[in-house]
$ cat target.tsv   # TSV, C-alpha atoms (C1' of nucleotides)
chain	number	residue	atom	x	y	z
O	1	MET	CA	20.91	-4.68	-21.22
O	2	VAL	CA	17.34	-3.50	-21.55
O	3	ARG	CA	14.84	-5.89	-23.06
O	4	PRO	CA	11.79	-3.99	-24.11
O	5	GLY	CA	10.36	-6.68	-26.40
O	6	GLY	CA	9.66	-10.35	-26.52
O	7	ARG	CA	8.75	-12.26	-23.40
O	8	SER	CA	9.15	-9.29	-21.07
O	9	ALA	CA	6.68	-7.30	-23.11
O	10	ARG	CA	4.20	-10.16	-23.14
O	11	VAL	CA	4.44	-10.53	-19.38
O	12	GLN	CA	3.93	-6.82	-18.83
O	13	GLU	CA	0.91	-6.70	-21.10
O	14	SER	CA	-0.52	-9.83	-19.54
O	15	VAL	CA	-0.12	-8.48	-16.01
O	16	HIS	CA	-1.61	-5.11	-16.90
O	17	ALA	CA	-4.55	-6.82	-18.52
O	18	ALA	CA	-5.04	-9.01	-15.47
O	19	VAL	CA	-5.14	-5.92	-13.26
O	20	ARG	CA	-7.72	-4.22	-15.46
O	21	ASP	CA	-9.88	-7.35	-15.60
O	22	LEU	CA	-9.79	-8.03	-11.89
O	23	ILE	CA	-10.56	-4.41	-11.01
O	24	ALA	CA	-13.56	-4.56	-13.31
O	25	GLU	CA	-14.72	-7.86	-11.85
O	26	ALA	CA	-14.08	-7.70	-8.14
O	27	GLY	CA	-13.06	-4.11	-7.41
O	28	ARG	CA	-9.73	-2.65	-6.48
O	29	ASP	CA	-9.93	-3.54	-2.82
O	30	ALA	CA	-10.12	-7.25	-3.51
O	31	LEU	CA	-6.91	-7.09	-5.52
O	32	THR	CA	-3.79	-8.94	-4.41
O	33	VAL	CA	-0.52	-9.68	-6.13
O	34	PRO	CA	-0.98	-13.47	-6.03
O	35	GLN	CA	-4.40	-13.08	-7.68
O	36	VAL	CA	-3.10	-10.83	-10.40
O	37	ALA	CA	-0.19	-13.17	-11.03
O	38	ALA	CA	-2.45	-16.21	-11.25
O	39	ARG	CA	-4.77	-14.47	-13.71
O	40	ALA	CA	-1.84	-13.32	-15.81
O	41	GLY	CA	-0.37	-16.82	-15.91
O	42	VAL	CA	2.75	-15.69	-14.08
O	43	THR	CA	4.30	-16.40	-10.70
O	44	PRO	CA	3.97	-13.84	-7.91
O	45	SER	CA	7.72	-13.50	-7.63
O	46	THR	CA	7.83	-12.15	-11.15
O	47	VAL	CA	5.42	-9.38	-10.24
O	48	TYR	CA	7.25	-8.56	-7.01
O	49	ARG	CA	10.59	-8.42	-8.82
O	50	ARG	CA	9.37	-6.17	-11.63
O	51	TRP	CA	7.06	-3.83	-9.74
O	52	GLY	CA	8.08	-4.14	-6.11
O	53	ASP	CA	4.56	-4.15	-4.73
O	54	LEU	CA	0.90	-3.86	-5.61
O	55	GLN	CA	0.85	-0.08	-5.30
O	56	GLU	CA	3.55	0.49	-7.87
O	57	LEU	CA	1.82	-1.88	-10.25
O	58	LEU	CA	-1.49	-0.07	-9.79
O	59	SER	CA	0.29	3.24	-10.26
O	60	ASP	CA	1.65	2.01	-13.59
O	61	VAL	CA	-1.74	0.89	-14.78
O	62	ALA	CA	-3.36	4.11	-13.57
O	63	VAL	CA	-0.97	6.34	-15.50
O	64	GLU	CA	-1.67	4.32	-18.61
O	65	ARG	CA	-5.40	4.83	-18.18
O	66	LEU	CA	-4.98	8.57	-17.50
O	67	ARG	CA	-3.21	9.21	-20.79
O	68	PRO	CA	-5.48	11.30	-23.03
O	69	GLU	CA	-6.69	9.36	-26.04
O	70	ALA	CA	-7.14	12.28	-28.39
O	71	PRO	CA	-6.06	15.91	-28.69
O	72	PRO	CA	-8.63	18.48	-27.54
O	73	GLU	CA	-11.42	19.15	-30.02
O	74	ASP	CA	-11.38	22.29	-32.15
O	75	HIS	CA	-14.48	24.43	-31.57
O	76	GLY	CA	-13.26	27.49	-33.43
O	77	SER	CA	-12.27	29.79	-30.58
O	78	LEU	CA	-10.08	29.73	-27.49
O	79	ALA	CA	-13.01	30.35	-25.16
O	80	GLU	CA	-14.97	27.45	-26.54
O	81	ASP	CA	-11.97	25.14	-26.79
O	82	LEU	CA	-10.84	25.78	-23.23
O	83	THR	CA	-14.32	25.59	-21.76
O	84	ALA	CA	-15.09	22.32	-23.50
O	85	TRP	CA	-11.75	20.82	-22.54
O	86	THR	CA	-12.13	21.89	-18.91
O	87	GLU	CA	-15.61	20.38	-18.69
O	88	LEU	CA	-14.37	17.13	-20.17
O	89	PHE	CA	-11.32	17.08	-17.90
O	90	LEU	CA	-13.36	17.66	-14.77
O	91	ASP	CA	-15.91	15.08	-15.85
O	92	GLU	CA	-13.35	12.38	-16.48
O	93	MET	CA	-11.21	13.10	-13.46
O	94	SER	CA	-14.00	13.47	-10.93
O	95	SER	CA	-15.74	10.24	-11.86
O	96	PRO	CA	-15.29	7.44	-9.34
O	97	ALA	CA	-12.97	5.65	-11.74
O	98	GLY	CA	-11.00	8.84	-12.39
O	99	ARG	CA	-10.54	9.57	-8.70
O	100	ALA	CA	-9.41	6.03	-8.10
O	101	TYR	CA	-6.82	6.24	-10.88
O	102	ILE	CA	-5.52	9.57	-9.61
O	103	ARG	CA	-5.09	8.17	-6.13
O	104	ASP	CA	-3.40	5.06	-7.46
O	105	ALA	CA	-1.06	7.11	-9.60
O	106	LEU	CA	-0.02	9.22	-6.60
O	107	LEU	CA	0.15	6.28	-4.28
O	108	GLY	CA	2.76	3.93	-5.65
O	109	ASP	CA	5.12	6.59	-6.79
O	110	PRO	CA	8.21	6.91	-4.63
O	111	ASP	CA	10.00	9.46	-6.82
O	112	GLY	CA	6.98	11.33	-8.13
O	113	SER	CA	7.63	10.43	-11.74
O	114	ASN	CA	4.20	8.92	-12.34
O	115	ALA	CA	2.46	11.94	-10.87
O	116	GLY	CA	4.70	14.16	-13.00
O	117	GLN	CA	3.59	12.21	-16.04
O	118	CYS	CA	-0.07	12.84	-15.24
O	119	SER	CA	0.58	16.53	-14.90
O	120	ALA	CA	2.47	16.49	-18.19
O	121	TYR	CA	-0.50	14.89	-19.95
O	122	ALA	CA	-2.76	17.73	-18.79
O	123	ALA	CA	-0.14	20.32	-19.66
O	124	ASP	CA	0.17	18.90	-23.19
O	125	GLN	CA	-3.57	19.16	-23.72
O	126	VAL	CA	-3.62	22.73	-22.42
O	127	GLU	CA	-0.72	23.70	-24.62
O	128	ALA	CA	-2.44	22.24	-27.66
O	129	VAL	CA	-5.48	24.43	-26.98
O	130	LEU	CA	-3.30	27.52	-26.47
O	131	ALA	CA	-1.19	26.83	-29.55
O	132	ARG	CA	-4.32	26.69	-31.66
O	133	ALA	CA	-5.41	30.02	-30.21
O	134	ALA	CA	-2.03	31.52	-31.03
O	135	ALA	CA	-2.29	30.19	-34.59
O	136	ARG	CA	-5.63	31.98	-34.90
O	137	GLY	CA	-4.05	35.19	-33.61
O	138	GLU	CA	-6.06	35.18	-30.38
O	139	ALA	CA	-4.68	36.56	-27.14
O	140	ALA	CA	-4.21	33.74	-24.66
O	141	PRO	CA	-3.00	33.21	-21.11
O	142	SER	CA	0.15	31.22	-20.44
O	143	ALA	CA	-0.01	27.48	-19.96
O	144	GLU	CA	1.26	28.01	-16.42
O	145	ALA	CA	-1.69	30.26	-15.66
O	146	VAL	CA	-4.13	27.65	-16.94
O	147	MET	CA	-2.45	24.93	-14.88
O	148	ASP	CA	-2.58	27.09	-11.74
O	149	ARG	CA	-6.08	28.45	-12.17
O	150	VAL	CA	-7.97	25.65	-13.91
O	151	VAL	CA	-6.22	22.30	-13.52
O	152	ALA	CA	-4.95	22.81	-9.97
O	153	PRO	CA	-8.29	23.83	-8.40
O	154	ILE	CA	-10.02	20.88	-10.04
O	155	MET	CA	-7.45	18.38	-8.86
O	156	TYR	CA	-7.32	19.93	-5.40
O	157	ARG	CA	-11.06	19.60	-4.95
O	158	ILE	CA	-11.09	16.06	-6.29
O	159	LEU	CA	-8.48	15.00	-3.78
O	160	PHE	CA	-9.38	17.11	-0.76
O	161	ARG	CA	-12.99	18.26	-1.07
O	162	PRO	CA	-15.06	15.72	-2.97
O	163	ASP	CA	-18.12	17.90	-3.38
O	164	GLY	CA	-19.44	20.79	-5.42
O	165	LEU	CA	-17.76	19.68	-8.61
O	166	ASP	CA	-19.92	20.20	-11.66
O	167	ALA	CA	-19.80	21.54	-15.18
O	168	ALA	CA	-20.71	25.03	-13.98
O	169	TYR	CA	-17.58	25.12	-11.84
O	170	ALA	CA	-15.49	24.06	-14.83
O	171	ARG	CA	-16.99	26.79	-16.98
O	172	ARG	CA	-16.40	29.38	-14.26
O	173	LEU	CA	-12.71	28.47	-13.94
O	174	ALA	CA	-12.24	28.61	-17.71
O	175	ALA	CA	-14.00	31.97	-17.93
O	176	GLU	CA	-11.97	33.46	-15.09
O	177	VAL	CA	-8.59	32.58	-16.50
O	178	LEU	CA	-9.57	34.13	-19.82
O	179	ALA	CA	-10.83	37.35	-18.22
V	1	MET	CA	-21.41	2.86	23.06
V	2	VAL	CA	-18.44	5.04	22.29
V	3	ARG	CA	-15.55	5.02	24.69
V	4	PRO	CA	-13.39	8.04	24.09
V	5	GLY	CA	-11.47	7.89	27.35
V	6	GLY	CA	-9.66	5.51	29.61
V	7	ARG	CA	-7.78	2.56	28.20
V	8	SER	CA	-8.83	3.16	24.62
V	9	ALA	CA	-7.42	6.67	24.76
V	10	ARG	CA	-4.18	5.43	26.27
V	11	VAL	CA	-3.81	2.81	23.57
V	12	GLN	CA	-4.46	5.35	20.82
V	13	GLU	CA	-1.97	7.79	22.26
V	14	SER	CA	0.58	5.06	22.76
V	15	VAL	CA	0.23	3.80	19.19
V	16	HIS	CA	0.41	7.29	17.71
V	17	ALA	CA	3.52	8.00	19.74
V	18	ALA	CA	5.07	4.74	18.60
V	19	VAL	CA	4.45	5.70	14.97
V	20	ARG	CA	6.04	9.12	15.43
V	21	ASP	CA	9.05	7.66	17.22
V	22	LEU	CA	9.66	4.90	14.72
V	23	ILE	CA	9.32	7.27	11.76
V	24	ALA	CA	11.88	9.54	13.36
V	25	GLU	CA	14.23	6.66	14.11
V	26	ALA	CA	14.05	4.35	11.14
V	27	GLY	CA	12.03	6.18	8.50
V	28	ARG	CA	8.57	5.56	7.19
V	29	ASP	CA	9.53	2.78	4.83
V	30	ALA	CA	10.82	0.57	7.59
V	31	LEU	CA	7.50	0.80	9.40
V	32	THR	CA	5.34	-2.26	9.97
V	33	VAL	CA	2.27	-2.88	12.07
V	34	PRO	CA	3.92	-5.52	14.27
V	35	GLN	CA	6.80	-3.12	14.97
V	36	VAL	CA	4.51	-0.28	15.92
V	37	ALA	CA	2.46	-2.57	18.11
V	38	ALA	CA	5.53	-3.89	19.90
V	39	ARG	CA	6.83	-0.39	20.56
V	40	ALA	CA	3.43	0.72	21.80
V	41	GLY	CA	3.19	-2.26	24.14
V	42	VAL	CA	0.14	-3.55	22.31
V	43	THR	CA	-0.69	-6.60	20.22
V	44	PRO	CA	-0.84	-6.32	16.43
V	45	SER	CA	-4.43	-7.47	16.37
V	46	THR	CA	-5.42	-4.39	18.35
V	47	VAL	CA	-3.93	-2.14	15.72
V	48	TYR	CA	-5.52	-4.08	12.88
V	49	ARG	CA	-8.91	-4.00	14.54
V	50	ARG	CA	-8.85	-0.28	15.30
V	51	TRP	CA	-7.20	1.06	12.18
V	52	GLY	CA	-7.62	-1.64	9.58
V	53	ASP	CA	-4.13	-1.32	8.14
V	54	LEU	CA	-0.90	0.62	8.30
V	55	GLN	CA	-2.04	3.22	5.78
V	56	GLU	CA	-5.07	4.27	7.75
V	57	LEU	CA	-2.98	4.52	10.88
V	58	LEU	CA	-0.41	6.67	9.09
V	59	SER	CA	-3.21	8.79	7.68
V	60	ASP	CA	-4.51	9.40	11.19
V	61	VAL	CA	-1.11	10.41	12.46
V	62	ALA	CA	-0.50	12.61	9.43
V	63	VAL	CA	-3.70	14.59	9.90
V	64	GLU	CA	-2.77	15.19	13.51
V	65	ARG	CA	0.61	16.55	12.46
V	66	LEU	CA	-0.93	18.75	9.76
V	67	ARG	CA	-3.18	20.59	12.19
V	68	PRO	CA	-2.00	24.20	12.47
V	69	GLU	CA	-0.60	25.01	15.87
V	70	ALA	CA	-1.43	28.68	15.95
V	71	PRO	CA	-3.70	31.14	14.14
V	72	PRO	CA	-2.03	33.20	11.40
V	73	GLU	CA	0.01	36.11	12.65
V	74	ASP	CA	-1.35	39.64	12.47
V	75	HIS	CA	0.88	41.93	10.39
V	76	GLY	CA	-1.53	44.84	10.19
V	77	SER	CA	-2.88	44.48	6.66
V	78	LEU	CA	-4.54	41.86	4.48
V	79	ALA	CA	-1.74	41.93	1.94
V	80	GLU	CA	0.94	41.31	4.54
V	81	ASP	CA	-1.11	38.75	6.47
V	82	LEU	CA	-1.98	36.72	3.39
V	83	THR	CA	1.51	36.90	1.94
V	84	ALA	CA	3.12	35.80	5.18
V	85	TRP	CA	0.64	33.00	5.71
V	86	THR	CA	1.07	31.75	2.13
V	87	GLU	CA	4.85	31.72	2.45
V	88	LEU	CA	4.62	29.79	5.71
V	89	PHE	CA	2.06	27.38	4.29
V	90	LEU	CA	4.15	26.62	1.23
V	91	ASP	CA	7.27	26.26	3.29
V	92	GLU	CA	5.72	23.80	5.72
V	93	MET	CA	3.84	21.79	3.13
V	94	SER	CA	6.61	21.50	0.58
V	95	SER	CA	9.22	20.29	3.04
V	96	PRO	CA	10.05	16.62	2.77
V	97	ALA	CA	8.20	15.94	6.01
V	98	GLY	CA	5.21	17.97	4.87
V	99	ARG	CA	4.99	16.17	1.54
V	100	ALA	CA	5.17	12.84	3.29
V	101	TYR	CA	2.37	13.76	5.66
V	102	ILE	CA	0.18	14.99	2.82
V	103	ARG	CA	0.68	11.77	0.92
V	104	ASP	CA	-0.02	9.68	3.99
V	105	ALA	CA	-3.15	11.66	4.77
V	106	LEU	CA	-4.48	11.11	1.24
V	107	LEU	CA	-3.36	7.53	1.07
V	108	GLY	CA	-5.14	5.70	3.86
V	109	ASP	CA	-8.39	7.53	3.54
V	110	PRO	CA	-11.16	5.42	2.03
V	111	ASP	CA	-13.94	7.96	2.46
V	112	GLY	CA	-11.93	11.14	2.04
V	113	SER	CA	-12.67	12.41	5.53
V	114	ASN	CA	-9.03	12.84	6.51
V	115	ALA	CA	-8.26	14.76	3.34
V	116	GLY	CA	-11.33	16.89	3.95
V	117	GLN	CA	-10.00	17.64	7.42
V	118	CYS	CA	-6.68	18.87	5.98
V	119	SER	CA	-8.50	21.15	3.60
V	120	ALA	CA	-10.65	22.43	6.46
V	121	TYR	CA	-7.53	23.31	8.46
V	122	ALA	CA	-6.25	25.44	5.60
V	123	ALA	CA	-9.68	26.97	5.03
V	124	ASP	CA	-9.90	27.93	8.71
V	125	GLN	CA	-6.57	29.71	8.55
V	126	VAL	CA	-7.57	31.54	5.39
V	127	GLU	CA	-10.89	32.58	6.90
V	128	ALA	CA	-9.13	33.91	9.99
V	129	VAL	CA	-6.97	36.13	7.79
V	130	LEU	CA	-9.98	37.33	5.80
V	131	ALA	CA	-12.10	37.94	8.90
V	132	ARG	CA	-9.36	40.17	10.29
V	133	ALA	CA	-9.31	42.09	7.03
V	134	ALA	CA	-13.08	42.52	7.17
V	135	ALA	CA	-12.83	43.76	10.76
V	136	ARG	CA	-10.34	46.38	9.56
V	137	GLY	CA	-12.76	47.40	6.81
V	138	GLU	CA	-10.48	46.18	4.02
V	139	ALA	CA	-11.88	44.80	0.77
V	140	ALA	CA	-11.06	41.11	0.54
V	141	PRO	CA	-11.56	38.18	-1.83
V	142	SER	CA	-13.75	35.26	-0.80
V	143	ALA	CA	-12.27	32.30	1.04
V	144	GLU	CA	-13.21	30.14	-1.95
V	145	ALA	CA	-11.14	32.35	-4.23
V	146	VAL	CA	-8.12	32.04	-1.94
V	147	MET	CA	-8.53	28.26	-1.76
V	148	ASP	CA	-8.75	28.00	-5.56
V	149	ARG	CA	-6.01	30.45	-6.43
V	150	VAL	CA	-3.50	30.09	-3.60
V	151	VAL	CA	-3.93	26.82	-1.72
V	152	ALA	CA	-4.89	24.64	-4.70
V	153	PRO	CA	-1.94	25.60	-6.95
V	154	ILE	CA	0.49	25.00	-4.10
V	155	MET	CA	-0.92	21.60	-3.25
V	156	TYR	CA	-1.17	20.62	-6.90
V	157	ARG	CA	2.48	21.38	-7.48
V	158	ILE	CA	3.57	19.61	-4.33
V	159	LEU	CA	1.78	16.46	-5.41
V	160	PHE	CA	2.26	16.50	-9.16
V	161	ARG	CA	5.19	18.75	-10.00
V	162	PRO	CA	7.73	18.76	-7.22
V	163	ASP	CA	9.80	21.63	-8.54
V	164	GLY	CA	9.80	25.39	-8.81
V	165	LEU	CA	8.26	25.92	-5.39
V	166	ASP	CA	9.75	28.83	-3.54
V	167	ALA	CA	8.78	31.87	-1.51
V	168	ALA	CA	8.58	34.00	-4.66
V	169	TYR	CA	5.89	31.73	-6.06
V	170	ALA	CA	3.94	32.03	-2.81
V	171	ARG	CA	4.16	35.82	-2.92
V	172	ARG	CA	3.04	35.87	-6.55
V	173	LEU	CA	-0.05	33.76	-5.81
V	174	ALA	CA	-0.99	35.94	-2.85
V	175	ALA	CA	-0.51	39.13	-4.87
V	176	GLU	CA	-2.57	37.83	-7.78
V	177	VAL	CA	-5.60	36.87	-5.74
V	178	LEU	CA	-5.59	40.33	-4.16
V	179	ALA	CA	-5.32	42.14	-7.48
Z	1	DC	C1'	21.85	-19.81	-39.04
Z	2	DT	C1'	24.01	-21.09	-34.73
Z	3	DC	C1'	26.22	-20.16	-30.56
Z	4	DC	C1'	27.01	-17.14	-26.47
Z	5	DT	C1'	25.70	-14.13	-22.79
Z	6	DT	C1'	22.67	-12.71	-19.49
Z	7	DA	C1'	18.11	-10.43	-18.21
Z	8	DA	C1'	14.02	-12.12	-16.82
Z	9	DC	C1'	11.07	-15.89	-15.34
Z	10	DG	C1'	9.59	-20.19	-12.61
Z	11	DC	C1'	9.83	-22.89	-8.59
Z	12	DA	C1'	10.01	-23.87	-3.82
Z	13	DA	C1'	11.26	-22.99	0.75
Z	14	DC	C1'	11.10	-19.48	3.93
Z	15	DA	C1'	9.97	-15.17	6.61
Z	16	DT	C1'	6.79	-11.87	7.62
Z	17	DG	C1'	2.46	-9.79	7.93
Z	18	DT	C1'	-2.75	-10.25	8.48
Z	19	DT	C1'	-7.01	-12.29	10.07
Z	20	DT	C1'	-10.01	-14.54	13.33
Z	21	DG	C1'	-12.31	-17.13	17.28
Z	22	DC	C1'	-12.18	-17.06	21.89
Z	23	DT	C1'	-10.99	-15.23	26.49
Z	24	DT	C1'	-10.05	-11.50	29.58
Z	25	DT	C1'	-10.03	-6.73	31.09
Z	26	DA	C1'	-11.91	-2.49	32.45
Z	27	DA	C1'	-14.97	1.93	31.06
Z	28	DG	C1'	-19.26	3.78	31.77
Z	29	DC	C1'	-23.75	3.37	33.77
Z	30	DG	C1'	-27.63	2.23	36.86
M	1	DC	C1'	-20.93	-1.83	44.00
M	2	DG	C1'	-22.11	-4.80	40.46
M	3	DC	C1'	-23.61	-5.26	35.25
M	4	DT	C1'	-23.00	-4.83	30.62
M	5	DT	C1'	-20.29	-4.71	26.79
M	6	DA	C1'	-16.63	-2.23	23.94
M	7	DA	C1'	-12.13	-2.93	23.40
M	8	DA	C1'	-7.75	-5.49	24.22
M	9	DG	C1'	-5.01	-9.83	24.64
M	10	DC	C1'	-3.67	-14.32	23.03
M	11	DA	C1'	-2.63	-17.83	19.83
M	12	DA	C1'	-3.37	-20.45	15.86
M	13	DA	C1'	-4.63	-20.49	11.04
M	14	DC	C1'	-3.95	-18.16	6.97
M	15	DA	C1'	-2.26	-15.14	3.29
M	16	DT	C1'	1.17	-12.35	1.56
M	17	DG	C1'	5.91	-11.00	0.58
M	18	DT	C1'	11.02	-12.53	-0.03
M	19	DT	C1'	14.98	-15.00	-1.66
M	20	DG	C1'	18.33	-18.50	-3.64
M	21	DC	C1'	18.94	-21.21	-7.40
M	22	DG	C1'	18.03	-23.54	-11.69
M	23	DT	C1'	15.91	-22.71	-16.36
M	24	DT	C1'	14.31	-20.17	-20.39
M	25	DA	C1'	14.66	-17.27	-24.22
M	26	DA	C1'	16.09	-12.16	-26.19
M	27	DG	C1'	19.40	-9.94	-28.50
M	28	DG	C1'	23.89	-9.73	-30.37
M	29	DA	C1'	28.44	-11.78	-32.39
M	30	DG	C1'	30.57	-14.74	-35.42

$ encode --input "target.tsv" --output "structure tokens"
Amino acid sequence: MVRPGGRSARVQESVHAAVRDLIAEAGRDALTVPQVAARAGVTPSTVYRRWGDLQELLSDVAVERLRPEAPPEDHGSLAEDLTAWTELFLDEMSSPAGRAYIRDALLGDPDGSNAGQCSAYAADQVEAVLARAAARGEAAPSAEAVMDRVVAPIMYRILFRPDGLDAAYARRLAAEVLA
Amino acid sequence: MVRPGGRSARVQESVHAAVRDLIAEAGRDALTVPQVAARAGVTPSTVYRRWGDLQELLSDVAVERLRPEAPPEDHGSLAEDLTAWTELFLDEMSSPAGRAYIRDALLGDPDGSNAGQCSAYAADQVEAVLARAAARGEAAPSAEAVMDRVVAPIMYRILFRPDGLDAAYARRLAAEVLA
DNA sequence: CTCCTTAACGCAACATGTTTGCTTTAAGCG
DNA sequence: CGCTTAAAGCAAACATGTTGCGTTAAGGAG
């Protein structure tokens, strides 16, 4: 029997909130399960039983924070929509907080489902931009092409080459995939 | 004073070997610092002092295993060289062992230097292929273009979308960057 | 509304992993 | 050959992770 509501839900929310608070206060490195549990008003064994370890818990919280809050803005044309979205995406993801969340999401993710979720969030945003272009009658690349040529290079550089990431790079990637 | 040789070197080699052996025997999940230390004939405190924690140690070992063993083969033309190298790269990296090493390398890497090293290995291989093309007088894309359009999509999919990775995809990426 | 069933939590004892002060060894240099 | 000191060993203190068992309360049946 699955129990998505009631006490279980309160515990989950309380623990997630404790993680967010403690990261903001003391930084991610100072985080331990017993601390989180104490702040959440819960025993450590509860956290260990539900999440397994600190990494999986952080991964959960990270995916939650990486979910886009709003659909991409409408600027009137595909070129402008995609450029603006790419700049925003790079900006959010390459910030220290963004990098940390990406790493956390990848980290505590034995089966890859959390990472898959992150990718799906980006894909949804891209598809929204492309769908709007199609509705306007504009020619547009496939979502796969945008993932391979815009999203992938950005994420690769964030993870493997933390330098040379700026708005100009975002604009160049967007322009190239539309060419 | 840095002491790259002598006892320190023996300890490092012994610990690395212990990690490789234990991963092969019992799997990465069953790995603990005390176990590794015991197998290496070393005390746990030595490992903690040199590497900090298990993740950094695994990251070290992973980078070592991700170093290419040989320069890319010469097939006579840029198209063949790049296609063959891309197929090999995808094959190695997307294998279960390859994925695990990539994750480990990213994981225990506070300052990103290990991840940067992995990227540098790939960049070196790509540059070798392109340099050979230039020596033949062939027109070739920049190394940056190959990193963005071949290496990045492969790594992105390995990390975030573990499906649909096959030799055909590798060939397509290579062909597109040459077009 | 009340009574079951049982998933999820709390508690406490336990096992394991991590840190640290101090001592000992041996690498590299004069 | 002897000094200096980085790095390793040792052992005890400490923190974290694990588990069995009793208790609580969600969600459904009567």

$ interface_residues --input "target.tsv" --of "chain M" --to "chain V" --cutoff "8 Å" --atoms "only C-alpha atoms (C1' of nucleotides)" --output "PyMOL selection string"
chain M and resi 6-9

$ residues_near_point --input "target.tsv" --point "(-2.6, 13.4, -20.8)" --cutoff "6 Å" --atoms "all atoms listed in the file" --output "PyMOL selection string"
chain O and resi 67-68+121-122

$ interface_residues --input "target.tsv" --of "chain Z" --to "chain V" --cutoff "12 Å" --atoms "all atoms listed in the file" --output "list in words"
DT16, DG17, DT18, DT19, DT20, DT25, DA26, DA27, DG28 and DC29 of chain Z

$ interface_residues --input "target.tsv" --of "chain O" --to "chain V" --cutoff "7 Å" --atoms "only C-alpha atoms" --output "list in words"
Leu107, Ala115, Gly116, Ser119, Asp148, Arg149, Ala152, Pro153, Met155, Tyr156, Phe160 and Arg161 of chain O

$ atom_distance --input "target.tsv" --atom1 "CA of Asp21 (chain O)" --atom2 "CA of Ala62 (chain O)"
13.3 Å

$ atom_distance --input "target.tsv" --atom1 "CA of Gly76 (chain O)" --atom2 "CA of Ala139 (chain O)"
14.0 Å

$ residues_around --input "target.tsv" --residues "Ala167 (chain O)" --least-positions-apart "3" --cutoff "7 Å" --atoms "all atoms listed in the file" --output "JSON, numbers by chain"
{"O": [87, 170, 171]}

$ axis_aligned_box --input "target.tsv" --around "region 134-148 of chain V" --padding-each-side "8 Å" --output "lines of an AutoDock Vina configuration file"
center_x = -10.9
center_y = 37.7
center_z = 2.6
size_x = 21.6
size_y = 35.4
size_z = 32.3

$ atom_distance --input "target.tsv" --atom1 "CA of Val61 (chain O)" --atom2 "CA of Asp109 (chain O)"
12.0 Å

$ closest_atom_pairs --input "target.tsv" --of "chain Z" --to "region 21-30 of chain M" --cutoff "9 Å" --atoms "all atoms listed in the file" --output "tab-separated table"
residue	atom	partner	partner_atom	distance
Z:DC3	C1'	M:DG30	C1'	8.5
Z:DC4	C1'	M:DA29	C1'	8.1
Z:DT5	C1'	M:DG28	C1'	8.9
Z:DA7	C1'	M:DA26	C1'	8.4
Z:DA8	C1'	M:DT24	C1'	8.8
Z:DC9	C1'	M:DT24	C1'	7.4
Z:DG10	C1'	M:DT23	C1'	7.8
Z:DC11	C1'	M:DG22	C1'	8.8
